[in-house]
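Structure first, then comments.
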Amino acid sequence: MSEEAEEIINLRSQITFLQNRVQELEEENAKFSSRLSSCRCDELQEKKPKEKCENLGEERGEMNSGCKKSGRKKATPKTPGYDTRIMNHHPRRYVALKVMYFGQRFYGFSLEAQMDPTVESEIFKALETTRLLIGDRKEIQYSRCGRTDKGVSAVGQVIALYLRSKLKDIDAHNKHSGETVPEEQDGQPEGEIDYVRVLNGVLPKDIRIVGWCPVPSDFSARFSCLSREYKYFFWNDNLNLLVMETAGKKLIGEHDFRNFCKMDAVKVHNYRRNVMSFEISPCDMRFEGHQLYAIKIKGSAFLWHQVRCMVAVLFMIGQGLESPEVIDALLDTRTLRKPQYLMAPEIPLVLLSYAGQALHVHLENECRLYHLQAAIFQEALLSHLPLSIGAENKDSSSNGVTRKKASHVPLMSRETEPSYEERRAKLETVKLRA
């Protein structure tokens, strides 16, 4: 390889790194801007003299006779819309809700995203509207199975929390804990609130409650989950599916997946995860001679962006840009740090579960609507764009992502990201300076 070619490869690698860094900085800037917009500094400033007087005695370890504490507890933050404390006389029960949502317009599932709308913010708005909440987030023992990222969908997310109940003898009815009450079932516990119908009546159309069941008070939607399953949809445009499946099978088992995720050295210190199964199968959909396929991956838990990183590498293998052995190299974290590469797009990723008959009707109607929209786009395509235009330059393996054609830089030849140890060392240095 000539020196000029090597220089071009290095420049492209640096450009990719800078593009990723710019994207991360834009996300951080958006978060800080959102926090700033909800700042309550003016309110805190009014309370500052009194708090300062109280804190001064605490810091010195002295009894400050001039500033007596009132003995009152800090006010419980109110849930927007109504004060949940006035509902405390109502009976409540601990339930698990199964949630389905289409993530295209949401900034992820979690409220912590600091951006609106999120799926969780919409769910809590619905809970407030229907007056089902009793107490704040801590009192309702809220938990969720996991957090999906911006644009990612789910048809089997699970949350658990205390909700208002009509039943006075909750313990007698909780003997059936764990038996799901789906949307289409009329056999609600006698006199109980139909949580599915009530919530779906106020939720947006792209969020549905699939079913609910009573659960014991020690249940955790996160830690009681035995496994999680994802599907990633893609068009088979000249991809070698046999080689992709052979490579994907190498991911099965317990491995250190730090080279297949976005590393969070602050919160995550163990990067070993267990992938239980992997398969690629065709879907019942075709478009202009192209077959839709899905990668299905099941595991006990997944790291941040793990599935999208694995799929990105599998696409490189399917295009013949990498060999299946690159999976073995990336799993060997003793000798290799994560090379820089772009994740697969988020829209085709779905967290899985299964739906019932009444929900099927809703989904069928939505499907018909999207097919009508697709027919309009198809008509526009046929009317205004000759089929020959762009056919030769089409990136057949983009799967929804338009990229300029460029020579592929092998993963093993790319610049690498900082290792976990380097990230931790940097964090410790920042702490010492502070």
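Identifiers in this document derive from the order of the structure tokens: chains are assigned A, B, ..., residues are numbered from 1 separately in each chain, and ligands are numbered from 1 in order of occurrence.
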List the neighbours of Gln14 in chain A out to 12 Å using only C-alpha atoms; skip same-chain residues closer than 6 positions along the sequence, and give me the result as a short mmCIF file (atom, residue, chain, number, x, y, z; two decimals) with N, CA, C and O atoms, in the first residue's frame.
```cif
data_model
loop_
_atom_site.label_atom_id
_atom_site.label_comp_id
_atom_site.auth_asym_id
_atom_site.auth_seq_id
_atom_site.Cartn_x
_atom_site.Cartn_y
_atom_site.Cartn_z
N GLU A 7 -2.14 7.50 4.12
CA GLU A 7 -2.51 8.81 4.68
C GLU A 7 -4.01 9.06 4.53
O GLU A 7 -4.66 9.60 5.42
N ILE A 8 -4.56 8.66 3.38
CA ILE A 8 -6.00 8.83 3.16
C ILE A 8 -6.80 8.01 4.16
O ILE A 8 -7.79 8.47 4.73
N ASN A 20 -18.10 11.33 15.33
CA ASN A 20 -18.71 10.69 16.50
C ASN A 20 -18.62 11.60 17.72
O ASN A 20 -19.56 11.69 18.52
N ARG A 21 -17.46 12.28 17.86
CA ARG A 21 -17.28 13.16 19.02
C ARG A 21 -18.22 14.36 18.95
O ARG A 21 -18.79 14.79 19.96
N PRO A 339 -12.14 -0.72 18.15
CA PRO A 339 -11.88 0.18 17.02
C PRO A 339 -13.08 1.10 16.80
O PRO A 339 -14.20 0.80 17.21
N GLN A 340 -12.84 2.21 16.15
CA GLN A 340 -13.90 3.18 15.91
C GLN A 340 -14.76 2.73 14.72
O GLN A 340 -14.24 2.50 13.63
N TYR A 341 -16.06 2.60 14.97
CA TYR A 341 -17.00 2.28 13.88
C TYR A 341 -18.38 2.79 14.26
O TYR A 341 -18.70 2.97 15.45
N VAL A 409 -12.08 0.73 5.56
CA VAL A 409 -10.88 0.59 6.38
C VAL A 409 -11.12 -0.59 7.32
O VAL A 409 -12.05 -0.57 8.12
N ARG A 414 -8.05 0.36 12.22
CA ARG A 414 -8.60 1.67 12.60
C ARG A 414 -8.04 2.14 13.94
O ARG A 414 -7.53 1.37 14.74
N GLU A 415 -8.22 3.46 14.15
CA GLU A 415 -7.90 4.03 15.45
C GLU A 415 -8.83 3.40 16.49
O GLU A 415 -9.98 3.09 16.20
N THR A 416 -8.33 3.24 17.71
CA THR A 416 -9.14 2.61 18.76
C THR A 416 -9.60 3.66 19.77
O THR A 416 -9.00 4.72 19.92
N GLU A 417 -10.67 3.32 20.47
CA GLU A 417 -11.18 4.18 21.53
C GLU A 417 -10.39 3.95 22.82
O GLU A 417 -9.71 2.93 22.96
#
```
Would you mind listing what lies within 8 Å of range 267-281 of chain A as a list in words, with only C-alpha atoms counted and same-chain residues fewer than 6 positions away left out?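 Close residues of range 267-281 of chain A: Leu241, Glu245, Gly248, Lys249, Leu251, Ile252, Gly253, Glu254, His255, Asp256, Phe257, Arg258, Tyr293, Ala294, Ile295, Lys296, Ile297, Lys298, Gly299, Ser300, Ala301, Phe302 and Leu303 of chain A.
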Would you compute the distance between CA of Leu330 in chain A and CA of Lys262 in chain A? Give it in Å to one decimal.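 Computing it gives 13.9 Å between the two atoms.
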Work out how far CA of Val266 in chain A is from CA of Leu352 in chain A, in Å to one decimal.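 Result for CA of Leu352 in chain A versus CA of Val266 in chain A: 28.8 Å, one decimal.
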Between CA of Leu11 in chain A and CA of Met263 in chain A, what distance in Å does the model show, to one decimal? 24.2 Å
Excluding Val311 in chain A and residues on its chain fewer than 4 positions from it, collect all residues at most 7 Å away from it, counting only C-alpha atoms, and give them as an MDAnalysis selection string. chainID A and resid 307 315 344
Looking at only C-alpha atoms, which of A:Ser419, A:Val95, A:Glu139, A:Cys145 is the one that sits closest to Leu226 in chain A?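 Comparing A:Ser419, A:Val95, A:Glu139, A:Cys145 against Leu226 in chain A, the winner is A:Cys145.
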Residue nearest Ser153 in chain A - candidates A:Glu24, A:Asp206, A:Glu422, A:Asp264, atoms counted: only C-alpha atoms: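 Comparing A:Glu24, A:Asp206, A:Glu422, A:Asp264 against Ser153 in chain A, the winner is A:Asp206.
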